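*Asks:* Pasting a structure here, questions to come.
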Amino acid sequence: MPCSILILGGYRLKRVLLMAMVFLMLTGCEALTFSVDKLLKAPNIADEQAAIHQALIESTGRSITLAYPRNGDYLSAFVIRDIDGDETDEALVFYTPSGFVSEQNVRIAVLDKDSDGKWHAMYELAGNGTSIDTVRVSEYEGATDIIIGYGTALYDENRVSIYRYKNGVLASIFDGTYTMLDLIDIDSCGDDEIVTIKKLGTDVTVSAIKTKDAFISEVKLSASASAISGFKFGKLMKDAPALFVDVVDETASLVTEVVTTSDGRLCVLSQENQLPVYLTRRSQGYKSMDFDGDGIVEVPVLTSFMGYADFMYEPEFMTIWTAYDPQTGAFRHKSSSYYSPESGYVFKLPNRWVNFVTVIKDKQTKEITFVKYDAAIESISDMQKLISIAVVDRQNVGSYMNNGYNVVKSGSDSAIMVKTHADIDEPLMLTSDEISSNIYKVEKSSDIIIP
């Protein structure tokens with residue numbers, strides 16, 4: 001199919017079109033959908049930010065250094081959206097005056113357009129910290145909350161301020177501290193609550209803030225924590241929403257506390273059901289997650305694979321994924337797997353493998369080989385091999401394929417590859433579809449914790 005290029009005037013547009021024509025010649029016309037309109041969007045946004053930037057400089061009378069959020073939905077120093085409900089966009093800008101010492105708090109400016117489309121600074125105030133950690137915006141019933149998390153000079157403390165912009169004034173309606181923060185509809189009311197997790201000493205508290213009702217619910221977790229590892233929001237069995245908080249306890253192990261709501265208030269399930277927190281204890285790095293994508297958050301616990309207690313080797317661990325069942329008030333076994341936090345994958349064991357298969361791990365390559373367990377054989381390494389799984393850097397995929405491996409899952413920098421060893425008539429051997437459907441790519445665990 002012939003390619004047609006629309007020729008338009010303007011030096012900048014000509015350069016864009018020339019680059020696009022070169023790319024078309026390299027890739028082939030039918031492999032690319034080309035849109036002049038899409039190419040023009042980015043410069044327009046950049047031009048608008050430049051106009052806002054210049055208007056702020058003119059307002060302050062000096063040069064400024066933009067402050068960029070480290071986390072969250074907004075990673076730009078500019079937030080452009082309607083924050084006062086007048087159906088036109090305002091701009092929030094985070095900055096510090098140039099030349100100020102690093103301990104100077106960031107500042108927030110609000111700018112608006114006049115009838116000629118020119119930006120003007122309307123209001124500014126000093127923020128509550130020396131950097132911007134996260135920015136979130138929550139809307140409901142015509143009101144807009146601007147949630148800004150600030151970094152401070154104290155390593156283990158962030159501050160949060162919730163603002164409303166009304167009648168030309170950006171006013172704080174709530175100030176507090178947090179270790180982690182998110183917007184979560186934890187009570188299924190239809191609106192997100194501002195949920196914070198905060199560690200003070202060895203105590204961890206979870207708070208849910210409803211600004212529209214001026215309501216705050218707070219609970220303290222049962223576990224004595226030396227650090228917070230992370231959290232995951234999802235569902236319990238029977239579709240009830242909950243927050244799963246992973247903390248490092250006094251034994252330097254990871255435990256999980258589950259927070260949900262009852263009659264509109266937060267509650268900790270370990271306290272409601274006298275469920276010992278130590279039942280979720282495992283090594284650090286094994287974080288709670290929804291590894292299989294069904295919406296239910298699973299909490300991993302570990303047990304040795306078959307054969308390691310008998311032969312006194314350094315054990316390889318099977319990961320048992322458990323889910324909380326509100327009807328029984330306990331964690332229930334959901335599935336068994338091999339899970340590699342460092343390599344970022346879970347291999348769920350088929351039911352017919354449980355109690356019949358164990359593993360060997362190559363300590364150098366991290367390759368895992370599943371073998372058919374046979375108590376009569378003295379060494380696990382001499383047992384019949386079934387399949388091997390390796391996570392391979394992209395540049396090494398070819399050499400592994402030459403050695404009998406096939407790519408099962410692929411990412412931008414690595415691939416999960418599998419090699420089969422046994423014949424298909426072996427009862428424990430898996431088909432290609434079984435292998436592929438039981439491998440799940442998950443986020444790698446870097447063991448970063450917040451003390």
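Letters A, B, ... mark the chains of the structure tokens in the order given; residue numbers begin at 1 per chain; ligand numbers begin at 1, in order shown.
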If we count only C-alpha atoms, what is near A:Thr65 at a cut-off of 7 Å, once residues fewer than 4 positions away on the same chain are taken out, given as a PyMOL selection string?

*Replies:* chain A and resi 95-98

*Asks:* Keeping only N, CA and C atoms, write those residues as a compact mmCIF listing (two decimals), in the first residue's frame.

*Replies:*
# COMPACT_ATOMS: atom_id res chain seq x y z
N TYR A 95 8.02 24.66 43.61
CA TYR A 95 9.33 25.26 43.31
C TYR A 95 9.99 25.74 44.59
N THR A 96 11.26 26.09 44.46
CA THR A 96 11.97 26.84 45.49
C THR A 96 12.65 28.01 44.81
N PRO A 97 12.72 29.17 45.47
CA PRO A 97 13.46 30.29 44.88
C PRO A 97 14.92 29.92 44.71
N SER A 98 15.50 30.19 43.57
CA SER A 98 16.89 29.81 43.30
C SER A 98 17.82 30.52 44.27

*Asks:* Write out as a list in words the residues lying within 9 Å of stretch 266-268 of chain A, counting only C-alpha atoms and excluding same-chain residues fewer than 2 positions away.

*Replies:*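 Counting only the stated atoms, we get Ile186, Asp187, Val206, Ser207, Ala208, Ser217, Glu218, Val219, Lys220, Leu221, Ser222, Glu257, Val258, Val259, Thr260, Thr261, Ser262, Asp263, Gly264, Ser270, Gln271, Glu272 and Asn273 of chain A.
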
*Asks:* Would you tabulate, counting only C-alpha atoms, all residues of stretch 285-402 of chain A that have an atom at most 8 Å from an atom of stretch 410-434 of chain A, showing the closest pair of atoms and their distance in Å to one decimal, sorted by chain then ascending number, as a tab-separated table?

*Replies:*
residue	atom	partner	partner_atom	distance
A:Arg352	CA	A:Leu428	CA	7.1
A:Trp353	CA	A:Leu428	CA	6.7
A:Lys372	CA	A:Leu428	CA	7.7
A:Gln384	CA	A:Ala422	CA	7.9
A:Lys385	CA	A:His421	CA	5.8
A:Leu386	CA	A:His421	CA	5.1
A:Ile387	CA	A:Thr420	CA	4.4
A:Ser388	CA	A:Lys419	CA	5.1
A:Ile389	CA	A:Val418	CA	4.7
A:Ala390	CA	A:Met417	CA	5.3
A:Val391	CA	A:Ile416	CA	4.6
A:Val392	CA	A:Ala415	CA	5.3
A:Asp393	CA	A:Ser414	CA	4.4
A:Arg394	CA	A:Ser414	CA	4.8
A:Val397	CA	A:Ala415	CA	7.4

*Asks:* How would the residues just picked look written out with C-alpha atoms as an mmCIF file, in the first residue's frame?

*Replies:*
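Generated output (out00.cif):
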data_model
loop_
_atom_site.group_PDB
_atom_site.id
_atom_site.type_symbol
_atom_site.label_atom_id
_atom_site.label_comp_id
_atom_site.auth_asym_id
_atom_site.auth_seq_id
_atom_site.Cartn_x
_atom_site.Cartn_y
_atom_site.Cartn_z
ATOM 1 C CA ARG A 352 -0.613 -33.467 40.508
ATOM 2 C CA TRP A 353 2.885 -32.203 41.382
ATOM 3 C CA LYS A 372 10.502 -36.276 40.465
ATOM 4 C CA GLN A 384 14.655 -37.693 37.386
ATOM 5 C CA LYS A 385 14.560 -34.190 35.930
ATOM 6 C CA LEU A 386 11.274 -32.770 34.642
ATOM 7 C CA ILE A 387 11.762 -29.138 33.647
ATOM 8 C CA SER A 388 14.232 -26.310 34.282
ATOM 9 C CA ILE A 389 13.357 -22.608 34.564
ATOM 10 C CA ALA A 390 15.874 -19.803 34.038
ATOM 11 C CA VAL A 391 15.554 -16.021 33.948
ATOM 12 C CA VAL A 392 17.884 -14.902 31.178
ATOM 13 C CA ASP A 393 19.185 -11.472 30.137
ATOM 14 C CA ARG A 394 18.059 -10.538 26.641
ATOM 15 C CA VAL A 397 18.581 -15.712 25.072
#

*Asks:* Counting only C-alpha atoms, figure out which residue out of A:Lys199, A:Lys113, A:Arg70, A:Arg62 gets nearest to A:Glu48.

*Replies:*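 Between A:Lys199, A:Lys113, A:Arg70, A:Arg62, the residue approaching A:Glu48 most closely is A:Lys113.
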
*Asks:* For a quick check of understanding, using only C-alpha atoms, which of A:Glu314, A:Glu139, A:Asp325, A:Asp292 has the smallest distance to A:Ile439?

*Replies:*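 Ranked by minimum distance to A:Ile439, first place goes to A:Asp292.
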
*Asks:* Among stretch 168-294 of chain A, which ones does DSSP place in strand (DSSP E), written as a PyMOL selection string?

*Replies:* chain A and resi 169-178+180-184+193-200+203-210+215-220+225-235+241-249+254-262+265-268

*Asks:* What lies within 9 Å of A:Pro300 using only C-alpha atoms, ignoring chain neighbours under 3 positions off, as a list in words?

*Replies:* Thr280, Arg281, Arg282, Tyr286, Lys287, Ser288, Met289, Thr319, Ile320, Trp321, Thr322 and Ala323 of chain A

*Asks:* Would you save the residues from that selection as an mmCIF file, in the first residue's frame, using C-alpha atoms?

*Replies:*
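Here's the written file selection_37.cif:
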data_model
loop_
_atom_site.group_PDB
_atom_site.id
_atom_site.type_symbol
_atom_site.label_atom_id
_atom_site.label_comp_id
_atom_site.auth_asym_id
_atom_site.auth_seq_id
_atom_site.Cartn_x
_atom_site.Cartn_y
_atom_site.Cartn_z
ATOM 1 C CA THR A 280 2.173 -15.145 58.512
ATOM 2 C CA ARG A 281 5.865 -14.953 59.473
ATOM 3 C CA ARG A 282 8.393 -15.572 56.674
ATOM 4 C CA TYR A 286 8.303 -12.461 50.299
ATOM 5 C CA LYS A 287 5.745 -9.683 50.093
ATOM 6 C CA SER A 288 1.976 -9.928 49.982
ATOM 7 C CA MET A 289 0.622 -9.588 46.440
ATOM 8 C CA THR A 319 5.826 -20.841 48.790
ATOM 9 C CA ILE A 320 2.291 -21.474 50.034
ATOM 10 C CA TRP A 321 -0.050 -18.662 49.004
ATOM 11 C CA THR A 322 -2.796 -18.081 51.568
ATOM 12 C CA ALA A 323 -5.898 -15.879 51.422
#

*Asks:* Residues within 7 Å of A:Asp112, please, as an NGL selection string. Count only C-alpha atoms; anything in the same chain fewer than 6 positions from it doesn't count.

*Replies:* :A and (90-91 or 119-122)

*Asks:* Could you save those same residues with N, CA and C atoms as a compact mmCIF listing (two decimals), in the first residue's frame?

*Replies:*
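Below is the file out20.txt, written as the result:
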# COMPACT_ATOMS: atom_id res chain seq x y z
N GLU A 90 -6.71 25.43 36.26
CA GLU A 90 -5.70 26.19 36.97
C GLU A 90 -4.38 25.41 36.91
N ALA A 91 -3.31 26.03 37.35
CA ALA A 91 -2.00 25.36 37.38
C ALA A 91 -1.41 25.45 38.77
N TRP A 119 -1.35 33.40 31.45
CA TRP A 119 -1.28 32.90 32.82
C TRP A 119 -0.83 34.00 33.78
N HIS A 120 -1.45 33.99 34.98
CA HIS A 120 -1.09 34.94 36.04
C HIS A 120 -1.04 34.19 37.36
N ALA A 121 -0.06 34.52 38.20
CA ALA A 121 0.03 33.93 39.54
C ALA A 121 -1.06 34.54 40.42
N MET A 122 -1.87 33.66 41.03
CA MET A 122 -2.99 34.11 41.85
C MET A 122 -2.71 34.02 43.35

*Asks:* Leaving out A:Val357 and any residue of its chain fewer than 5 positions from it, which residues lie within 8 Å of it when counting only C-alpha atoms, given as a ChimeraX atom specification?

*Replies:* /A:306,370-373

*Asks:* Now that the selection is made, can you save its residues with N, CA and C atoms as a compact mmCIF listing (two decimals), in the first residue's frame?

*Replies:*
# COMPACT_ATOMS: atom_id res chain seq x y z
N MET A 306 10.23 -31.08 49.44
CA MET A 306 10.45 -32.47 49.85
C MET A 306 11.92 -32.85 49.70
N PHE A 370 13.06 -28.76 38.42
CA PHE A 370 12.10 -29.59 39.14
C PHE A 370 12.40 -31.06 38.84
N VAL A 371 12.42 -31.87 39.89
CA VAL A 371 12.72 -33.30 39.74
C VAL A 371 11.62 -34.12 40.40
N LYS A 372 11.48 -35.33 39.93
CA LYS A 372 10.50 -36.28 40.46
C LYS A 372 11.06 -36.87 41.75
N TYR A 373 10.39 -36.62 42.86
CA TYR A 373 10.94 -37.05 44.15
C TYR A 373 10.86 -38.56 44.30

*Asks:* Grab the atom CA of A:Phe78 to atom CA of A:Arg159 distance for me, in Å with one decimal place.

*Replies:* 20.2 Å

*Asks:* So what do you get for atom CA of A:Val299 versus atom CA of A:Phe244, distance-wise?

*Replies:* 8.5 Å

*Asks:* Interatomic distance between atom CA of A:Val442 and atom CA of A:Ser343?

*Replies:*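 We find that atom CA of A:Val442 and atom CA of A:Ser343 lie 8.8 Å from each other.
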